[in-house]
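structure.csv follows (CSV, C-alpha atoms):
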chain,number,residue,atom,x,y,z
D,22,MET,CA,90.0,67.5,154.0
D,23,SER,CA,91.5,66.8,150.6
D,24,ILE,CA,89.2,63.8,150.3
D,25,ILE,CA,86.2,66.1,150.9
D,26,PHE,CA,87.3,68.5,148.2
D,27,LEU,CA,87.8,65.6,145.8
D,28,CYS,CA,84.5,64.0,146.5
D,29,ALA,CA,82.6,67.3,146.1
D,30,GLY,CA,84.4,68.0,142.9
D,31,LEU,CA,83.8,64.5,141.4
D,32,TYR,CA,80.1,64.8,142.3
D,33,LYS,CA,79.8,67.7,140.0
D,34,TYR,CA,82.4,66.9,137.3
D,35,LYS,CA,82.2,63.1,137.3
D,36,SER,CA,85.9,62.5,136.3
D,37,PRO,CA,89.3,63.6,137.8
D,38,GLU,CA,90.4,64.9,134.4
D,39,GLU,CA,87.5,67.3,134.1
D,40,LEU,CA,87.8,68.3,137.7
D,41,PHE,CA,91.4,69.2,137.4
D,42,SER,CA,91.2,70.8,134.0
D,43,LYS,CA,88.4,73.2,135.1
D,44,TYR,CA,89.5,74.3,138.5
D,45,GLN,CA,93.1,73.2,139.0
D,46,GLN,CA,92.0,71.7,142.3
D,47,THR,CA,95.5,70.1,142.5
D,48,THR,CA,96.7,73.5,143.7
D,49,ILE,CA,94.4,73.2,146.7
D,50,PHE,CA,95.8,69.7,147.5
D,51,ILE,CA,99.4,70.6,147.0
D,52,GLN,CA,99.3,74.0,148.8
D,53,TYR,CA,96.5,73.2,151.4
D,54,SER,CA,98.9,73.7,154.4
D,55,ARG,CA,100.1,76.9,152.9
D,56,TYR,CA,96.5,78.1,152.5
D,57,LEU,CA,95.8,77.3,156.2
D,58,ASP,CA,98.8,79.3,157.2
D,59,MET,CA,97.6,82.3,155.2
D,60,LEU,CA,94.1,81.9,156.7
D,61,LYS,CA,95.5,81.9,160.2
D,62,GLU,CA,97.5,85.0,159.5
D,63,LEU,CA,94.6,86.8,158.0
D,64,ARG,CA,92.4,85.9,161.0
D,65,SER,CA,95.0,87.6,163.1
D,66,ILE,CA,94.6,90.7,160.9
D,67,GLU,CA,90.9,90.6,161.7
D,68,GLN,CA,91.6,90.7,165.4
D,69,THR,CA,94.2,93.5,165.2
D,70,THR,CA,92.1,95.7,162.9
D,71,LYS,CA,89.7,96.2,165.8
D,72,ASN,CA,92.4,98.2,167.5
D,73,ILE,CA,94.0,99.9,164.5
D,74,SER,CA,95.3,103.4,165.4
D,75,VAL,CA,96.9,104.7,162.3
D,76,GLU,CA,96.7,108.5,161.8
D,77,ALA,CA,96.3,110.0,158.4
D,78,SER,CA,95.1,113.3,156.9
D,79,CYS,CA,94.0,114.4,153.5
D,80,THR,CA,94.6,117.9,152.0
D,81,ILE,CA,91.8,117.8,149.5
D,82,LEU,CA,88.7,116.9,151.5
D,83,ASP,CA,87.2,120.3,150.7
D,84,LYS,CA,87.0,119.1,147.0
D,85,GLN,CA,84.6,116.3,148.1
D,86,PRO,CA,86.6,113.6,146.3
D,87,LEU,CA,85.2,110.4,145.0
D,88,PHE,CA,87.7,107.6,144.6
D,89,ILE,CA,87.0,104.1,143.2
D,90,ILE,CA,89.3,101.1,143.4
D,91,ILE,CA,88.2,98.1,141.2
D,92,ILE,CA,89.9,94.8,141.9
D,93,GLY,CA,89.6,92.2,139.1
D,94,GLU,CA,90.2,88.5,139.2
D,95,SER,CA,92.5,86.2,137.1
D,96,ALA,CA,93.0,88.8,134.3
D,97,THR,CA,96.4,88.8,132.7
D,98,LYS,CA,97.3,92.0,130.8
D,99,HIS,CA,98.4,89.8,127.9
D,100,HIS,CA,94.7,89.2,127.0
D,101,LEU,CA,93.7,92.9,127.1
D,102,GLY,CA,93.4,94.9,123.9
D,103,LEU,CA,94.7,97.9,125.8
D,104,TYR,CA,98.0,96.1,126.1
D,105,GLY,CA,98.3,95.0,122.5
D,106,TYR,CA,96.4,91.7,122.5
D,107,THR,CA,95.3,90.9,119.0
D,108,ARG,CA,91.6,90.6,119.9
D,109,GLU,CA,89.7,93.6,120.9
D,110,THR,CA,88.8,92.7,124.5
D,111,SER,CA,89.0,96.3,125.6
D,112,ALA,CA,86.3,97.6,123.3
D,113,PHE,CA,84.7,99.7,126.0
D,114,THR,CA,87.6,101.1,128.0
D,115,LYS,CA,89.5,102.1,124.8
D,116,GLU,CA,86.8,104.8,124.4
D,117,ILE,CA,87.4,106.3,127.8
D,118,SER,CA,89.4,109.5,128.2
D,119,PRO,CA,91.6,110.3,130.0
D,120,LEU,CA,92.8,106.8,130.6
D,121,HIS,CA,96.3,106.1,132.0
D,122,ILE,CA,97.8,102.7,131.2
D,123,PHE,CA,100.6,101.4,133.4
D,124,HIS,CA,102.6,98.9,131.3
D,125,ASP,CA,104.8,96.9,133.7
D,126,VAL,CA,103.0,96.1,136.9
D,127,VAL,CA,103.6,92.8,138.7
D,128,SER,CA,101.5,90.9,141.2
D,129,ALA,CA,103.1,89.3,144.3
D,130,SER,CA,101.3,86.0,144.0
D,131,SER,CA,99.2,83.7,141.8
D,132,ALA,CA,96.7,83.2,144.7
D,133,THR,CA,94.1,85.8,145.4
D,134,ILE,CA,94.4,85.8,149.2
D,135,THR,CA,98.2,86.3,149.1
D,136,ALA,CA,98.1,88.8,146.2
D,137,LEU,CA,95.6,91.0,147.9
D,138,LYS,CA,97.2,90.7,151.3
D,139,ALA,CA,100.4,92.0,149.7
D,140,ALA,CA,98.7,94.8,147.9
D,141,CYS,CA,96.1,96.0,150.4
D,142,THR,CA,97.7,95.5,153.8
D,143,ILE,CA,101.0,96.9,155.2
D,144,GLN,CA,103.2,96.8,158.3
D,145,THR,CA,103.1,100.2,159.9
D,146,SER,CA,106.0,101.8,161.8
D,147,SER,CA,104.4,100.6,165.0
D,148,SER,CA,104.4,97.0,163.7
D,149,GLN,CA,100.6,96.9,163.2
D,150,THR,CA,99.1,95.3,160.1
D,151,ALA,CA,96.9,97.9,158.6
D,152,SER,CA,94.8,97.8,155.5
D,153,LEU,CA,94.3,100.4,152.8
D,154,VAL,CA,90.8,100.9,154.3
D,155,ASP,CA,92.2,102.0,157.6
D,156,PHE,CA,94.1,104.9,156.1
D,157,PHE,CA,91.1,106.2,154.2
D,158,ASN,CA,89.0,105.9,157.4
D,159,SER,CA,91.5,107.9,159.4
D,160,ALA,CA,91.8,110.6,156.6
D,161,GLY,CA,88.1,111.4,156.7
D,162,PHE,CA,86.6,109.3,153.9
D,163,LYS,CA,83.5,107.3,153.9
D,164,THR,CA,84.6,103.7,152.9
D,165,GLU,CA,82.4,101.2,151.1
D,166,LEU,CA,82.9,97.7,149.7
D,167,TYR,CA,80.9,96.0,147.0
D,168,SER,CA,82.1,92.4,146.4
D,169,ASN,CA,81.0,89.6,144.1
D,170,GLN,CA,83.6,87.3,145.8
D,171,PRO,CA,82.1,84.5,148.0
D,172,THR,CA,82.0,85.2,151.7
D,173,GLY,CA,80.8,83.2,154.7
D,174,GLY,CA,81.0,86.2,157.0
D,175,ARG,CA,83.9,87.9,158.8
D,176,TYR,CA,85.1,84.7,160.4
D,177,ASP,CA,84.9,82.4,157.3
D,178,SER,CA,86.2,84.4,154.4
D,179,ALA,CA,89.9,85.4,154.4
D,180,LEU,CA,89.3,88.1,151.8
D,181,SER,CA,86.8,89.8,154.0
D,182,TYR,CA,89.5,90.5,156.7
D,183,ILE,CA,91.3,92.9,154.4
D,184,PHE,CA,88.1,95.0,154.1
D,185,ASN,CA,87.0,94.4,157.7
D,186,ASN,CA,86.9,98.1,158.6
D,187,ALA,CA,85.0,99.4,155.6
D,188,GLN,CA,82.1,101.4,157.0
D,189,LYS,CA,79.7,99.9,154.6
D,190,LYS,CA,80.0,96.4,153.1
D,191,TYR,CA,77.9,94.6,150.6
D,192,TYR,CA,78.6,91.0,149.5
D,193,SER,CA,76.4,89.7,146.7
D,194,ILE,CA,76.7,86.0,147.7
D,195,LYS,CA,77.5,83.8,150.6
D,196,TYR,CA,80.1,81.0,150.5
D,197,GLY,CA,78.6,77.9,148.9
D,198,GLN,CA,76.2,79.8,146.7
D,199,TYR,CA,76.4,80.0,142.9
D,200,VAL,CA,78.5,83.0,141.9
D,201,LYS,CA,76.5,85.4,139.7
D,202,GLU,CA,77.9,87.6,136.9
D,203,ASP,CA,79.6,90.8,138.1
D,204,GLY,CA,76.8,92.9,136.7
D,205,ILE,CA,74.8,92.0,139.8
D,206,LEU,CA,76.8,94.7,141.6
D,207,LEU,CA,76.2,97.6,139.1
D,208,ASP,CA,73.0,99.0,140.4
D,209,LYS,CA,74.3,99.3,144.0
D,210,ILE,CA,77.7,100.7,142.8
D,211,ILE,CA,76.1,103.3,140.5
D,212,SER,CA,73.7,104.3,143.2
D,213,SER,CA,76.5,104.9,145.7
D,214,ILE,CA,78.5,106.8,143.1
D,215,GLN,CA,75.5,109.1,142.5
D,216,GLU,CA,75.2,109.9,146.2
D,217,GLN,CA,76.5,113.3,147.3
D,218,THR,CA,77.8,112.3,150.7
D,219,GLY,CA,81.2,114.0,151.0
D,220,PRO,CA,84.6,112.4,150.5
D,221,LYS,CA,84.2,108.7,149.6
D,222,VAL,CA,86.2,105.8,148.5
D,223,ILE,CA,84.5,102.8,147.0
D,224,PHE,CA,86.2,99.4,146.8
D,225,ILE,CA,84.8,96.9,144.3
D,226,HIS,CA,85.9,93.3,144.2
D,227,LEU,CA,84.8,91.5,141.0
D,228,PHE,CA,84.8,87.7,140.2
D,229,GLY,CA,86.2,88.7,136.8
D,230,SER,CA,87.8,85.8,134.9
D,231,HIS,CA,87.7,83.2,137.6
D,232,ALA,CA,87.2,79.7,136.2
D,233,ASP,CA,84.9,78.4,134.9
D,234,TYR,CA,85.1,81.3,132.4
D,235,ILE,CA,81.8,80.6,130.6
D,236,ASP,CA,79.9,81.4,133.8
D,237,ARG,CA,81.4,84.8,134.1
D,238,TYR,CA,79.5,86.6,131.4
D,239,PRO,CA,76.0,86.8,129.8
D,240,LYS,CA,75.5,85.1,126.4
D,241,SER,CA,75.3,88.6,124.7
D,242,PHE,CA,79.1,88.8,125.4
D,243,SER,CA,80.0,85.6,123.5
D,244,LYS,CA,81.9,87.6,120.9
D,245,PHE,CA,84.9,85.3,120.5
D,246,SER,CA,84.2,81.7,119.3
D,247,GLY,CA,86.5,81.1,116.3
D,248,SER,CA,89.7,79.0,115.9
D,249,ASP,CA,91.9,82.0,115.2
D,250,CYS,CA,93.1,81.8,118.8
D,251,ILE,CA,94.9,78.5,118.2
D,252,ASP,CA,95.6,78.6,114.4
D,253,ASN,CA,99.3,79.4,114.9
D,254,LYS,CA,99.9,77.4,118.1
D,255,SER,CA,101.5,74.2,116.9
D,256,PHE,CA,102.5,73.3,120.4
D,257,ILE,CA,98.9,72.4,121.3
D,258,PRO,CA,98.4,68.6,120.8
D,259,THR,CA,95.6,67.7,118.4
D,260,SER,CA,93.7,66.0,121.2
D,261,LYS,CA,93.5,69.3,123.1
D,262,LYS,CA,92.7,71.7,120.2
D,263,ILE,CA,89.0,71.9,120.8
D,264,TYR,CA,89.4,72.2,124.6
D,265,ALA,CA,92.1,74.9,124.2
D,266,GLN,CA,90.0,76.8,121.7
D,267,THR,CA,87.0,76.8,124.0
D,268,ARG,CA,89.0,77.8,127.0
D,269,ILE,CA,90.7,80.8,125.3
D,270,ASN,CA,87.5,82.0,123.7
D,271,THR,CA,85.5,81.9,127.0
D,272,TYR,CA,88.4,83.5,128.8
D,273,ASP,CA,88.5,86.4,126.3
D,274,ASN,CA,84.8,86.8,126.6
D,275,SER,CA,85.1,87.1,130.3
D,276,ILE,CA,87.8,89.8,129.9
D,277,LEU,CA,85.5,91.7,127.5
D,278,TYR,CA,82.6,91.6,130.0
D,279,THR,CA,84.9,92.9,132.8
D,280,ASP,CA,85.9,95.7,130.4
D,281,HIS,CA,82.2,96.5,130.1
D,282,ILE,CA,81.7,96.6,133.9
D,283,ILE,CA,84.7,98.9,134.3
D,284,SER,CA,83.4,101.3,131.7
D,285,ARG,CA,80.0,101.4,133.3
D,286,ILE,CA,81.5,102.3,136.6
D,287,ILE,CA,83.8,105.0,135.2
D,288,GLU,CA,80.9,106.4,133.1
D,289,ALA,CA,78.8,106.8,136.3
D,290,ALA,CA,81.7,108.5,138.1
D,291,LYS,CA,82.3,110.8,135.1
D,292,ASN,CA,78.7,111.8,135.0
D,293,THR,CA,78.9,113.1,138.6
D,294,SER,CA,81.5,115.7,137.6
D,295,ARG,CA,83.1,115.1,140.9
D,296,TYR,CA,86.8,115.3,141.7
D,297,SER,CA,87.6,111.7,141.1
D,298,TYR,CA,89.7,108.8,139.9
D,299,ALA,CA,89.0,105.1,139.3
D,300,ILE,CA,91.8,102.5,139.5
D,301,TYR,CA,91.4,99.0,138.0
D,302,PHE,CA,93.9,96.1,138.5
D,303,SER,CA,93.7,92.4,138.7
D,304,ASP,CA,94.8,90.3,141.7
D,305,HIS,CA,96.8,88.0,139.3
D,306,GLY,CA,96.6,86.6,135.8
D,307,GLU,CA,96.0,83.2,134.3
D,308,GLU,CA,97.7,81.3,131.5
D,309,ASN,CA,95.7,79.8,128.6
D,310,TYR,CA,98.0,78.1,126.0
D,311,ASP,CA,99.7,81.5,125.4
D,312,PHE,CA,103.0,80.1,124.3
D,313,ARG,CA,103.2,76.5,125.6
D,314,ASP,CA,101.0,73.5,126.2
D,315,TYR,CA,99.7,74.7,129.6
D,316,SER,CA,96.6,76.4,131.1
D,317,GLY,CA,95.7,77.6,134.6
D,318,ARG,CA,98.1,78.6,137.4
D,319,GLY,CA,99.7,77.2,140.5
D,320,GLY,CA,102.5,75.1,138.8
D,321,ASN,CA,105.6,76.3,137.1
D,322,ASN,CA,104.2,79.8,136.6
D,323,SER,CA,105.3,82.1,133.8
D,324,ASN,CA,105.3,85.9,133.7
D,325,ILE,CA,101.8,85.8,132.2
D,326,ILE,CA,100.4,84.9,135.6
D,327,TYR,CA,101.9,87.9,137.3
D,328,ASP,CA,101.7,90.6,134.5
D,329,ILE,CA,98.5,92.3,135.5
D,330,PRO,CA,96.6,95.2,134.0
D,331,PHE,CA,96.7,98.5,135.9
D,332,ILE,CA,94.8,101.4,134.6
D,333,ILE,CA,93.6,104.7,136.1
D,334,TRP,CA,90.8,107.0,134.8
D,335,THR,CA,90.9,110.6,136.2
D,336,SER,CA,88.4,113.4,136.0
D,337,GLU,CA,89.8,116.4,134.2
D,338,ASP,CA,90.1,118.6,137.3
D,339,PHE,CA,91.9,115.7,139.2
D,340,LEU,CA,94.3,115.3,136.3
D,341,GLN,CA,95.0,119.0,136.2
D,342,ASP,CA,96.3,118.8,139.8
D,343,HIS,CA,98.2,115.5,139.3
D,344,LYS,CA,99.8,115.7,135.8
D,345,ASN,CA,103.2,114.8,137.2
D,346,PHE,CA,101.7,111.4,138.3
D,347,PHE,CA,101.0,110.3,134.8
D,348,THR,CA,104.2,111.0,132.8
D,349,ASP,CA,105.5,108.4,130.4
D,350,ASP,CA,108.4,107.7,132.7
D,351,ILE,CA,106.1,106.7,135.5
D,352,LYS,CA,103.7,104.7,133.3
D,353,ASN,CA,106.6,102.6,132.0
D,354,ARG,CA,108.3,102.0,135.4
D,355,GLN,CA,108.8,98.5,136.8
D,356,LEU,CA,106.1,98.5,139.4
D,357,TYR,CA,105.2,96.0,142.1
D,358,MET,CA,101.9,95.6,143.8
D,359,LYS,CA,103.5,95.3,147.3
D,360,ASN,CA,103.9,99.1,147.0
D,361,PHE,CA,100.2,99.7,146.2
D,362,ILE,CA,99.2,101.3,149.5
D,363,PRO,CA,101.8,104.1,149.6
D,364,SER,CA,101.1,104.7,145.9
D,365,VAL,CA,97.3,105.1,146.4
D,366,LEU,CA,97.8,107.3,149.5
D,367,GLN,CA,100.1,109.6,147.6
D,368,LEU,CA,97.7,109.8,144.6
D,369,SER,CA,94.9,110.6,147.0
D,370,ASN,CA,96.9,113.4,148.8
D,371,ILE,CA,96.8,111.4,152.0
D,372,SER,CA,99.8,111.8,154.4
D,373,THR,CA,100.8,109.6,157.3
D,374,ASP,CA,103.8,108.9,159.4
D,375,SER,CA,102.9,105.2,159.7
D,376,ILE,CA,104.5,104.1,156.4
D,377,ASN,CA,107.4,104.9,154.1
D,378,PHE,CA,106.5,106.4,150.8
D,379,ALA,CA,109.9,105.8,149.1
D,380,ASN,CA,108.5,102.9,147.1
D,381,SER,CA,105.4,104.7,145.8
D,382,PHE,CA,104.7,104.2,142.1
D,383,PHE,CA,104.8,108.0,141.9
D,384,ALA,CA,108.0,108.7,143.9
D,385,HIS,CA,110.3,111.2,142.2
D,386,HIS,CA,113.3,108.9,142.8
D,387,PRO,CA,111.9,105.4,143.7
D,388,LEU,CA,114.1,102.9,145.4
D,389,GLN,CA,115.3,100.0,143.3
D,390,GLN,CA,113.5,96.9,144.4
D,391,GLN,CA,113.4,93.3,143.3
D,392,ARG,CA,109.9,91.9,142.5
D,393,TYR,CA,109.2,88.5,144.0
D,394,CYS,CA,106.3,86.4,142.7
D,395,ASP,CA,105.4,83.5,145.1
D,396,ASP,CA,109.0,83.5,146.3
D,397,ARG,CA,110.6,83.6,142.8
D,398,GLU,CA,112.3,86.7,141.5
D,399,TYR,CA,110.3,88.0,138.6
D,400,SER,CA,113.2,88.1,136.1
D,401,THR,CA,113.8,84.4,136.6
D,402,LEU,CA,110.3,83.3,135.6
D,403,ILE,CA,109.6,81.3,132.5
D,404,ARG,CA,108.7,83.9,129.9
D,405,GLN,CA,106.4,84.2,126.9
Please, can you express the file's structure as structure tokens?
Amino acid sequence: MSIIFLCAGLYKYKSPEELFSKYQQTTIFIQYSRYLDMLKELRSIEQTTKNISVEASCTILDKQPLFIIIIGESATKHHLGLYGYTRETSAFTKEISPLHIFHDVVSASSATITALKAACTIQTSSSQTASLVDFFNSAGFKTELYSNQPTGGRYDSALSYIFNNAQKKYYSIKYGQYVKEDGILLDKIISSIQEQTGPKVIFIHLFGSHADYIDRYPKSFSKFSGSDCIDNKSFIPTSKKIYAQTRINTYDNSILYTDHIISRIIEAAKNTSRYSYAIYFSDHGEENYDFRDYSGRGGNNSNIIYDIPFIIWTSEDFLQDHKNFFTDDIKNRQLYMKNFIPSVLQLSNISTDSINFANSFFAHHPLQQQRYCDDREYSTLIRQ
């Protein structure tokens, strides 16, 4: 199998150096058995989801809520203007109000499959593996998925298992097809947002800043092209200067385009005047010569890989009912994406006896918990 991956990659990129530098395929070779184990586990989730019997209820269905959960790809918070990055890569969302920025949120993994399994599935009190979708279904919401991540169908794409029980699913591409820019989803998402169809939650899975970055945005978003991104980075060897400059610039442009997509979605939700929120987070980050001579992920990962953006927009009426969820204390807490499901359910006024809410982001007295990132405790990671 590794030989097949290598031959396919070399057919396109002609040299091992270019192949490895663009897509870090070495991660696939080194961790291929681990990937197969994850795939097997997620296939078992697909089987068990057919018989999920979680019970949940929501106390605000009469308000006809519209909730949106946007999942990004490969975006570290350290390249977002909202988090203090020197470049204005958050030019669109910075104009949105009210916008709640959570400052210390950590992903469980540098791999999309593992990160989203940790965030979007949970072991219930009856030892079932349930997804976030199952709780919304049980609570009376219409559930929809719009994804720009490749899928080969339910039995081929591990990511699709997590959203297997969404009542409506749209995948823009099939596995093996060229991935288009995330804007391909906008018309369908906005159309869904504008529908007045009762309580609804919309899951959106972007391709975000997945390598190769230059393919993730239209030319009109080529804002960053200068050498300012490497001027003060003496640790980058002279032989890599041009490559590093190009890589950082295209990465930042992809972050800016994702910011644009998020703002368009939030604007559409805001225009409905519905009782609503929109959450955006990324599965994990990526490192691009931020403080050392290294780019990508999958090796000796630093905190930059796991420090993810996590922001929430709320309608004014939703915020009025949930002000205590957005205090400075909560927005500065040390949060961990393995606790995403109880957090979203609590935010959505959904109750269930199937899980423990003690580790919710919004708990009054949250339990102290270590944050593990691919089996390493977060505080032990190499740091910027």
Quick check, in Å to one decimal: how far apart do atom CA of Phe123 of chain D and atom CA of Ser336 of chain D lie?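 Atom CA of Phe123 of chain D sits 17.3 Å away from atom CA of Ser336 of chain D.
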Residue nearest Phe88 of chain D - candidates D:Glu165, D:Glu116, D:Asp233, D:Asp396, atoms counted: all atoms listed in the file: D:Glu165
Interatomic distance, atom CA of Ile211 of chain D to atom CA of Phe228 of chain D (Å, one decimal):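 Between atom CA of Ile211 of chain D and atom CA of Phe228 of chain D the gap works out to 17.9 Å.
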With all atoms listed in the file as the counted atoms, please give the residues lying no more than 8 Å from Asp155 of chain D, apart from itself and same-chain residues fewer than 4 positions off, as a ChimeraX atom specification. /D:73,75,151,159,186-187
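Atom CA of Arg108 of chain D lies 29.2 Å from atom CA of Ala140 of chain D.
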Pick out the closest residue to Ala232 of chain D from this set: D:Ile276, D:Ala384, D:Ala77, D:Ile332. Count all atoms listed in the file.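 Residue with the minimum atom-to-atom distance to Ala232 of chain D: D:Ile276.
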Distance criterion (all atoms listed in the file): nearest to Asn185 of chain D out of D:Phe162, D:Ile333, D:Cys141, D:Pro220: D:Cys141
